[in-house]
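Next comes coords39.txt, with compact mmCIF, C-alpha atoms and all ligand atoms.
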```txt
# COMPACT_ATOMS: atom_id res chain seq x y z
CA MET A 1 0.00 0.00 0.00
CA SER A 2 1.49 3.29 -1.06
CA GLU A 3 1.39 6.35 1.08
CA LYS A 4 0.02 9.31 -0.77
CA LYS A 5 1.59 12.52 0.27
CA GLN A 6 -0.92 15.27 0.90
CA GLN A 7 0.24 18.58 -0.45
CA VAL A 8 -1.43 21.94 -0.25
CA SER A 9 -0.77 24.23 -3.13
CA ARG A 10 -0.06 27.90 -2.65
CA ARG A 11 -3.43 28.70 -4.22
CA GLN A 12 -5.28 26.38 -1.83
CA PHE A 13 -3.41 27.80 1.14
CA LEU A 14 -4.40 31.35 0.16
CA ASN A 15 -8.02 30.28 -0.36
CA TYR A 16 -8.24 28.66 3.07
CA THR A 17 -6.57 31.59 4.78
CA LEU A 18 -8.68 34.28 3.10
CA THR A 19 -11.89 32.34 3.70
CA GLY A 20 -11.05 31.93 7.39
CA VAL A 21 -10.05 35.55 7.91
CA GLY A 22 -13.06 36.79 5.91
CA GLY A 23 -15.45 34.64 7.92
CA PHE A 24 -13.92 35.81 11.17
CA MET A 25 -14.24 39.47 10.16
CA ALA A 26 -17.84 39.00 8.98
CA ALA A 27 -18.79 37.36 12.29
CA GLY A 28 -17.13 40.25 14.15
CA MET A 29 -19.22 42.77 12.25
CA LEU A 30 -22.51 40.88 12.33
CA ALA A 31 -22.49 39.94 16.03
CA PRO A 32 -22.90 43.52 17.36
CA MET A 33 -25.58 44.25 14.75
CA LEU A 34 -27.49 41.11 15.68
CA ARG A 35 -27.20 41.94 19.36
CA MET A 36 -28.43 45.48 18.76
CA ALA A 37 -31.38 44.18 16.77
CA VAL A 38 -32.47 41.51 19.23
CA ASP A 39 -31.35 42.76 22.65
CA PRO A 40 -34.03 45.43 23.32
CA VAL A 41 -36.74 42.95 22.42
CA LEU A 42 -35.43 40.43 24.92
CA GLN A 43 -34.86 42.89 27.75
CA GLU A 44 -37.55 43.24 30.37
CA SER A 45 -39.48 46.45 30.12
CA GLY A 46 -39.94 48.68 33.14
CA HIS A 47 -43.50 47.41 33.39
CA GLY A 48 -44.55 47.04 36.99
CA ASP A 49 -41.81 49.25 38.44
CA LEU A 50 -42.93 51.68 41.11
CA THR A 51 -41.62 55.23 41.25
CA ASN A 52 -41.22 57.49 44.26
CA VAL A 53 -43.56 60.38 43.42
CA SER A 54 -42.12 62.62 46.16
CA LEU A 55 -45.31 62.71 48.21
CA ALA A 56 -45.15 61.88 51.90
CA VAL A 57 -48.08 59.81 53.12
CA GLU A 58 -48.64 62.26 55.99
CA ASP A 59 -49.34 64.95 53.37
CA ILE A 60 -52.16 62.97 51.78
CA THR A 61 -55.57 64.19 52.92
CA THR A 62 -59.15 63.34 52.02
CA GLU A 63 -59.05 66.17 49.46
CA PRO A 64 -57.78 64.92 46.09
CA GLN A 65 -54.52 66.60 45.09
CA ARG A 66 -52.92 66.38 41.70
CA ILE A 67 -49.33 65.20 41.60
CA ASP A 68 -46.98 65.01 38.62
CA TRP A 69 -43.82 62.96 38.14
CA LYS A 70 -41.61 61.58 35.39
CA VAL A 71 -40.69 58.02 34.49
CA ASN A 72 -38.14 56.57 32.09
CA GLN A 73 -39.83 54.59 29.36
CA VAL A 74 -38.08 52.16 27.05
CA ASP A 75 -39.84 51.13 23.85
CA GLY A 76 -37.56 48.75 22.04
CA TRP A 77 -34.61 50.96 21.05
CA TYR A 78 -36.22 54.25 22.05
CA GLU A 79 -35.75 55.54 25.58
CA SER A 80 -37.63 58.61 26.75
CA GLU A 81 -38.83 60.47 29.82
CA VAL A 82 -42.60 60.45 30.19
CA ASN A 83 -44.76 62.74 32.33
CA ARG A 84 -47.36 61.11 34.54
CA SER A 85 -50.07 62.58 36.76
CA ALA A 86 -52.47 61.30 39.38
CA TRP A 87 -55.20 62.46 41.68
CA VAL A 88 -54.26 61.23 45.14
CA PHE A 89 -56.27 61.24 48.38
CA LYS A 90 -57.40 59.05 51.28
CA ASN A 91 -60.89 57.58 51.16
CA ASP A 92 -63.30 57.10 54.09
CA LYS A 93 -61.48 53.91 55.09
CA ASP A 94 -58.17 55.80 55.25
CA GLU A 95 -56.97 53.93 52.13
CA ILE A 96 -54.76 55.79 49.67
CA GLN A 97 -56.38 56.27 46.28
CA ALA A 98 -54.42 57.28 43.17
CA PHE A 99 -56.47 57.81 40.03
CA SER A 100 -55.32 58.52 36.52
CA PRO A 101 -56.56 61.94 35.35
CA ILE A 102 -57.10 60.64 31.82
CA CYS A 103 -60.80 60.64 30.94
CA LYS A 104 -62.07 57.24 29.80
CA HIS A 105 -64.22 58.85 27.11
CA LEU A 106 -61.72 60.37 24.68
CA GLY A 107 -58.67 61.00 26.81
CA CYS A 108 -58.99 64.59 28.03
CA VAL A 109 -57.72 65.48 31.50
CA VAL A 110 -60.17 65.48 34.38
CA SER A 111 -59.91 67.73 37.41
CA TRP A 112 -61.32 67.49 40.89
CA GLU A 113 -64.34 69.77 41.30
CA GLY A 114 -63.56 71.25 37.89
CA ASN A 115 -67.14 72.45 37.55
CA ASP A 116 -68.94 74.40 40.30
CA GLN A 117 -72.19 72.67 39.40
CA TYR A 118 -70.79 69.28 40.39
CA PRO A 119 -69.00 69.48 43.73
CA ASP A 120 -67.31 66.32 45.03
CA GLN A 121 -66.84 64.98 41.52
CA PHE A 122 -64.08 64.73 38.97
CA TYR A 123 -65.02 66.72 35.89
CA CYS A 124 -63.90 66.46 32.28
CA PRO A 125 -64.38 69.74 30.38
CA CYS A 126 -64.29 68.21 26.90
CA HIS A 127 -67.79 66.69 26.87
CA ASP A 128 -69.01 67.23 30.45
CA GLY A 129 -67.83 63.83 31.61
CA ARG A 130 -68.13 63.23 35.34
CA TYR A 131 -66.86 60.75 37.92
CA TYR A 132 -67.74 60.25 41.57
CA LYS A 133 -65.00 60.66 44.15
CA ASP A 134 -64.31 56.90 44.07
CA GLY A 135 -63.48 57.26 40.38
CA THR A 136 -66.57 55.54 39.00
CA ASN A 137 -68.18 57.24 36.04
CA VAL A 138 -71.48 59.01 36.59
CA PRO A 139 -74.12 57.17 34.53
CA GLY A 140 -75.58 59.27 31.75
CA THR A 141 -72.33 61.16 31.12
CA PRO A 142 -70.01 60.28 28.20
CA PRO A 143 -67.39 58.15 30.02
CA LEU A 144 -68.42 54.50 30.19
CA LYS A 145 -65.70 53.30 32.56
CA PRO A 146 -64.18 54.41 35.87
CA LEU A 147 -60.87 56.24 36.02
CA ASP A 148 -57.84 53.94 35.96
CA VAL A 149 -56.18 53.26 39.32
CA TYR A 150 -52.43 53.43 39.82
CA GLU A 151 -50.63 50.52 41.42
CA SER A 152 -49.35 51.95 44.68
CA GLU A 153 -47.15 51.14 47.63
CA VAL A 154 -45.89 53.01 50.69
CA ARG A 155 -42.18 52.74 51.42
CA GLU A 156 -40.68 54.51 54.42
CA GLY A 157 -43.52 56.98 54.54
CA MET A 158 -43.35 57.90 50.85
CA LEU A 159 -45.86 57.08 48.12
CA PHE A 160 -44.65 54.99 45.19
CA LEU A 161 -46.82 54.62 42.07
CA GLY A 162 -46.61 52.19 39.16
CA ASP A 163 -48.84 51.69 36.13
CA ALA A 164 -52.43 52.86 35.85
CA VAL A 165 -54.72 49.84 35.73
CA PRO A 166 -58.20 49.93 34.12
CA ARG A 167 -61.29 48.95 36.10
CA GLU A 168 -64.63 47.51 35.02
CA GLY A 169 -67.36 49.91 33.92
CA ALA A 170 -70.20 51.15 36.14
S1 LIG A 201 -63.06 63.21 26.80
FE1 LIG A 201 -63.85 63.37 28.77
S2 LIG A 201 -65.94 63.49 28.45
FE2 LIG A 201 -65.17 63.29 26.47
```
As a first step, turn the structure in this file into structure tokens.
Ligand code: FES
Amino acid sequence: MSEKKQQVSRRQFLNYTLTGVGGFMAAGMLAPMLRMAVDPVLQESGHGDLTNVSLAVEDITTEPQRIDWKVNQVDGWYESEVNRSAWVFKNDKDEIQAFSPICKHLGCVVSWEGNDQYPDQFYCPCHDGRYYKDGTNVPGTPPLKPLDVYESEVREGMLFLGDAVPREGA
């Protein structure tokens, strides 16, 4: 049995080398692009995070007060600072209530006692929408659902708020 000597020609050597180096360089360029394309989709969003809204619990009364704060929002590759607002007060059971001010009709902003004719109600000036103090919509007015309620928590005497959660209609 004869031994056949394996020889690599100069041309073959160059082909192998260039293919290897080219593949290595292509992988080096594609990996960051692939990571950039996929990474934001795989990352957890800030959903469910609670933010300190700089309101001490001892400053919350039975009179609704409007508070404003900012949160960082990440949508895929786009990161932005978003303004949020809430009407905050304590109800008859001394429970903290935090309602979204966004009207459930067409999204205008409601205000507490915004119309002298309707004391003790949230009022939406766009189409005379009204809500009772507990946030439920007044039947016969345009909104068909109660105001959304913020997820809330008290930490070391400060109010933390999360996402506004919809409730069932009245
Ligand atoms: S948007 Fe509030 S009543 Fe229409």
* Asked: So, counting only C-alpha atoms, which residue among A:Leu147, A:Arg155, A:Pro64, A:Glu81 is closest to Asp120 in chain A?
  ->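 Comparing A:Leu147, A:Arg155, A:Pro64, A:Glu81 against Asp120 in chain A, the winner is A:Pro64.
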* Asked: What is the CA of Thr141 in chain A-CA of Leu106 in chain A distance in Å, reported with one decimal?
  ->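 Atom-to-atom, CA of Thr141 in chain A to CA of Leu106 in chain A, that is 12.4 Å.
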* Go ahead and compute the interatomic distance for atom FE1 of ligand LIG 201 (chain A) and CA of Tyr123 in chain A, in Å to one decimal. =>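 Between atom FE1 of ligand LIG 201 (chain A) and CA of Tyr123 in chain A the gap is 8.0 Å.
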Proximity of chain A to ligand LIG 201 (chain A): per-residue shortest pair, 9 Å limit, only C-alpha atoms and all ligand atoms, as JSON lines:
```
{"residue": "A:Ile102", "atom": "CA", "partner": "A:LIG201", "partner_atom": "FE1", "distance": 7.9}
{"residue": "A:Cys103", "atom": "CA", "partner": "A:LIG201", "partner_atom": "FE1", "distance": 4.6}
{"residue": "A:Lys104", "atom": "CA", "partner": "A:LIG201", "partner_atom": "FE1", "distance": 6.5}
{"residue": "A:His105", "atom": "CA", "partner": "A:LIG201", "partner_atom": "S1", "distance": 4.5}
{"residue": "A:Leu106", "atom": "CA", "partner": "A:LIG201", "partner_atom": "S1", "distance": 3.8}
{"residue": "A:Gly107", "atom": "CA", "partner": "A:LIG201", "partner_atom": "S1", "distance": 4.9}
{"residue": "A:Cys108", "atom": "CA", "partner": "A:LIG201", "partner_atom": "S1", "distance": 4.5}
{"residue": "A:Val109", "atom": "CA", "partner": "A:LIG201", "partner_atom": "FE1", "distance": 7.0}
{"residue": "A:Val110", "atom": "CA", "partner": "A:LIG201", "partner_atom": "FE1", "distance": 7.0}
{"residue": "A:Tyr123", "atom": "CA", "partner": "A:LIG201", "partner_atom": "FE1", "distance": 8.0}
{"residue": "A:Cys124", "atom": "CA", "partner": "A:LIG201", "partner_atom": "FE1", "distance": 4.7}
{"residue": "A:Pro125", "atom": "CA", "partner": "A:LIG201", "partner_atom": "FE1", "distance": 6.6}
{"residue": "A:Cys126", "atom": "CA", "partner": "A:LIG201", "partner_atom": "FE2", "distance": 5.0}
{"residue": "A:His127", "atom": "CA", "partner": "A:LIG201", "partner_atom": "S2", "distance": 4.0}
{"residue": "A:Asp128", "atom": "CA", "partner": "A:LIG201", "partner_atom": "S2", "distance": 5.2}
{"residue": "A:Gly129", "atom": "CA", "partner": "A:LIG201", "partner_atom": "S2", "distance": 3.7}
{"residue": "A:Arg130", "atom": "CA", "partner": "A:LIG201", "partner_atom": "S2", "distance": 7.2}
{"residue": "A:Thr141", "atom": "CA", "partner": "A:LIG201", "partner_atom": "S2", "distance": 7.3}
{"residue": "A:Pro142", "atom": "CA", "partner": "A:LIG201", "partner_atom": "S2", "distance": 5.2}
{"residue": "A:Pro143", "atom": "CA", "partner": "A:LIG201", "partner_atom": "S2", "distance": 5.8}
```
* Structure fact -> Expressed in Å, the length from CA of Trp77 in chain A to CA of Met33 in chain A is 12.9 Å
* **Non-local contacts of Leu55 in chain A (6 Å; all atoms listed in the file; under 2 positions in same chain excluded) as a PyMOL selection string** => chain A and resi 53+158-159
Same residues, C-alpha atoms, saved as an mmCIF file, in the frame of the given file:
```cif
data_model
loop_
_atom_site.group_PDB
_atom_site.id
_atom_site.type_symbol
_atom_site.label_atom_id
_atom_site.label_comp_id
_atom_site.auth_asym_id
_atom_site.auth_seq_id
_atom_site.Cartn_x
_atom_site.Cartn_y
_atom_site.Cartn_z
ATOM 1 C CA VAL A 53 -43.560 60.380 43.420
ATOM 2 C CA MET A 158 -43.350 57.900 50.850
ATOM 3 C CA LEU A 159 -45.860 57.080 48.120
#
```
* To do: Within 7 Å of Ser100 in chain A, counting all atoms listed in the file, which residues show up once you throw out same-chain ones fewer than 3 positions away? Write them as an MDAnalysis selection string, please.
  => chainID A and resid 85:87 147:150 164
* Using all atoms listed in the file, which residues sit within 8 Å of Asn72 in chain A once same-chain residues fewer than 2 positions away are excluded, as a ChimeraX atom specification? -> /A:70,74,79-82
* Quick one: residues within 12 Å of Glu156 in chain A, all atoms listed in the file counted, chain neighbours fewer than 6 positions away excluded, as an NGL selection string? -> :A and (52 or 54-58)
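You can rank A:Arg35, A:Gln97, A:Phe24, A:Met29 by their closest distance to Ile60 in chain A using all atoms listed in the file, and at the top of that list sits A:Gln97.
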Where atoms are missing, can you supply N, CA and C atoms for range 74-101 of chain A and output the lot as a PDB file, in the coordinates of the input?
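What ended up in selection_27.pdb:
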```pdb
ATOM      1  N   VAL A  74     -38.873  52.764  28.121  1.00  0.00           N
ATOM      2  CA  VAL A  74     -38.080  52.160  27.050  1.00  0.00           C
ATOM      3  C   VAL A  74     -39.004  51.392  26.129  1.00  0.00           C
ATOM      4  N   ASP A  75     -39.055  51.839  24.865  1.00  0.00           N
ATOM      5  CA  ASP A  75     -39.840  51.130  23.850  1.00  0.00           C
ATOM      6  C   ASP A  75     -38.879  50.581  22.813  1.00  0.00           C
ATOM      7  N   GLY A  76     -38.517  49.331  22.969  1.00  0.00           N
ATOM      8  CA  GLY A  76     -37.560  48.750  22.040  1.00  0.00           C
ATOM      9  C   GLY A  76     -36.238  49.476  22.128  1.00  0.00           C
ATOM     10  N   TRP A  77     -35.878  50.255  21.087  1.00  0.00           N
ATOM     11  CA  TRP A  77     -34.610  50.960  21.050  1.00  0.00           C
ATOM     12  C   TRP A  77     -34.747  52.388  21.534  1.00  0.00           C
ATOM     13  N   TYR A  78     -35.993  52.837  21.742  1.00  0.00           N
ATOM     14  CA  TYR A  78     -36.220  54.250  22.050  1.00  0.00           C
ATOM     15  C   TYR A  78     -36.464  54.449  23.538  1.00  0.00           C
ATOM     16  N   GLU A  79     -35.623  55.271  24.153  1.00  0.00           N
ATOM     17  CA  GLU A  79     -35.750  55.540  25.580  1.00  0.00           C
ATOM     18  C   GLU A  79     -36.152  56.998  25.745  1.00  0.00           C
ATOM     19  N   SER A  80     -37.162  57.239  26.584  1.00  0.00           N
ATOM     20  CA  SER A  80     -37.630  58.610  26.750  1.00  0.00           C
ATOM     21  C   SER A  80     -38.127  58.833  28.169  1.00  0.00           C
ATOM     22  N   GLU A  81     -38.292  60.109  28.519  1.00  0.00           N
ATOM     23  CA  GLU A  81     -38.830  60.470  29.820  1.00  0.00           C
ATOM     24  C   GLU A  81     -40.292  60.863  29.613  1.00  0.00           C
ATOM     25  N   VAL A  82     -41.172  60.250  30.376  1.00  0.00           N
ATOM     26  CA  VAL A  82     -42.600  60.450  30.190  1.00  0.00           C
ATOM     27  C   VAL A  82     -43.203  61.100  31.429  1.00  0.00           C
ATOM     28  N   ASN A  83     -44.076  62.092  31.215  1.00  0.00           N
ATOM     29  CA  ASN A  83     -44.760  62.740  32.330  1.00  0.00           C
ATOM     30  C   ASN A  83     -45.968  61.912  32.742  1.00  0.00           C
ATOM     31  N   ARG A  84     -46.167  61.783  34.035  1.00  0.00           N
ATOM     32  CA  ARG A  84     -47.360  61.110  34.540  1.00  0.00           C
ATOM     33  C   ARG A  84     -48.015  61.983  35.607  1.00  0.00           C
ATOM     34  N   SER A  85     -49.312  61.808  35.765  1.00  0.00           N
ATOM     35  CA  SER A  85     -50.070  62.580  36.760  1.00  0.00           C
ATOM     36  C   SER A  85     -51.055  61.659  37.449  1.00  0.00           C
ATOM     37  N   ALA A  86     -51.451  62.070  38.647  1.00  0.00           N
ATOM     38  CA  ALA A  86     -52.470  61.300  39.380  1.00  0.00           C
ATOM     39  C   ALA A  86     -53.216  62.220  40.324  1.00  0.00           C
ATOM     40  N   TRP A  87     -54.433  61.836  40.612  1.00  0.00           N
ATOM     41  CA  TRP A  87     -55.200  62.460  41.680  1.00  0.00           C
ATOM     42  C   TRP A  87     -55.098  61.542  42.879  1.00  0.00           C
ATOM     43  N   VAL A  88     -54.544  62.070  43.972  1.00  0.00           N
ATOM     44  CA  VAL A  88     -54.260  61.230  45.140  1.00  0.00           C
ATOM     45  C   VAL A  88     -55.003  61.765  46.363  1.00  0.00           C
ATOM     46  N   PHE A  89     -55.585  60.859  47.137  1.00  0.00           N
ATOM     47  CA  PHE A  89     -56.270  61.240  48.380  1.00  0.00           C
ATOM     48  C   PHE A  89     -56.507  59.986  49.211  1.00  0.00           C
ATOM     49  N   LYS A  90     -57.029  60.201  50.440  1.00  0.00           N
ATOM     50  CA  LYS A  90     -57.400  59.050  51.280  1.00  0.00           C
ATOM     51  C   LYS A  90     -58.920  58.966  51.294  1.00  0.00           C
ATOM     52  N   ASN A  91     -59.427  57.741  51.140  1.00  0.00           N
ATOM     53  CA  ASN A  91     -60.890  57.580  51.160  1.00  0.00           C
ATOM     54  C   ASN A  91     -61.391  57.453  52.607  1.00  0.00           C
ATOM     55  N   ASP A  92     -62.687  57.176  52.757  1.00  0.00           N
ATOM     56  CA  ASP A  92     -63.300  57.100  54.090  1.00  0.00           C
ATOM     57  C   ASP A  92     -62.671  56.011  54.959  1.00  0.00           C
ATOM     58  N   LYS A  93     -62.102  55.002  54.321  1.00  0.00           N
ATOM     59  CA  LYS A  93     -61.480  53.910  55.090  1.00  0.00           C
ATOM     60  C   LYS A  93     -59.994  54.172  55.338  1.00  0.00           C
ATOM     61  N   ASP A  94     -59.567  55.398  55.073  1.00  0.00           N
ATOM     62  CA  ASP A  94     -58.170  55.800  55.250  1.00  0.00           C
ATOM     63  C   ASP A  94     -57.226  55.085  54.260  1.00  0.00           C
ATOM     64  N   GLU A  95     -57.788  54.577  53.157  1.00  0.00           N
ATOM     65  CA  GLU A  95     -56.970  53.930  52.130  1.00  0.00           C
ATOM     66  C   GLU A  95     -56.511  54.976  51.115  1.00  0.00           C
ATOM     67  N   ILE A  96     -55.281  54.851  50.672  1.00  0.00           N
ATOM     68  CA  ILE A  96     -54.760  55.790  49.670  1.00  0.00           C
ATOM     69  C   ILE A  96     -55.313  55.444  48.292  1.00  0.00           C
ATOM     70  N   GLN A  97     -55.859  56.435  47.629  1.00  0.00           N
ATOM     71  CA  GLN A  97     -56.380  56.270  46.280  1.00  0.00           C
ATOM     72  C   GLN A  97     -55.529  57.101  45.329  1.00  0.00           C
ATOM     73  N   ALA A  98     -55.184  56.539  44.182  1.00  0.00           N
ATOM     74  CA  ALA A  98     -54.420  57.280  43.170  1.00  0.00           C
ATOM     75  C   ALA A  98     -55.050  56.999  41.815  1.00  0.00           C
ATOM     76  N   PHE A  99     -55.748  57.989  41.283  1.00  0.00           N
ATOM     77  CA  PHE A  99     -56.470  57.810  40.030  1.00  0.00           C
ATOM     78  C   PHE A  99     -55.737  58.505  38.882  1.00  0.00           C
ATOM     79  N   SER A 100     -55.819  57.876  37.728  1.00  0.00           N
ATOM     80  CA  SER A 100     -55.320  58.520  36.520  1.00  0.00           C
ATOM     81  C   SER A 100     -56.251  59.691  36.177  1.00  0.00           C
ATOM     82  N   PRO A 101     -55.700  60.820  35.724  1.00  0.00           N
ATOM     83  CA  PRO A 101     -56.560  61.940  35.350  1.00  0.00           C
ATOM     84  C   PRO A 101     -57.047  61.853  33.895  1.00  0.00           C
TER      85      PRO A 101
END
```
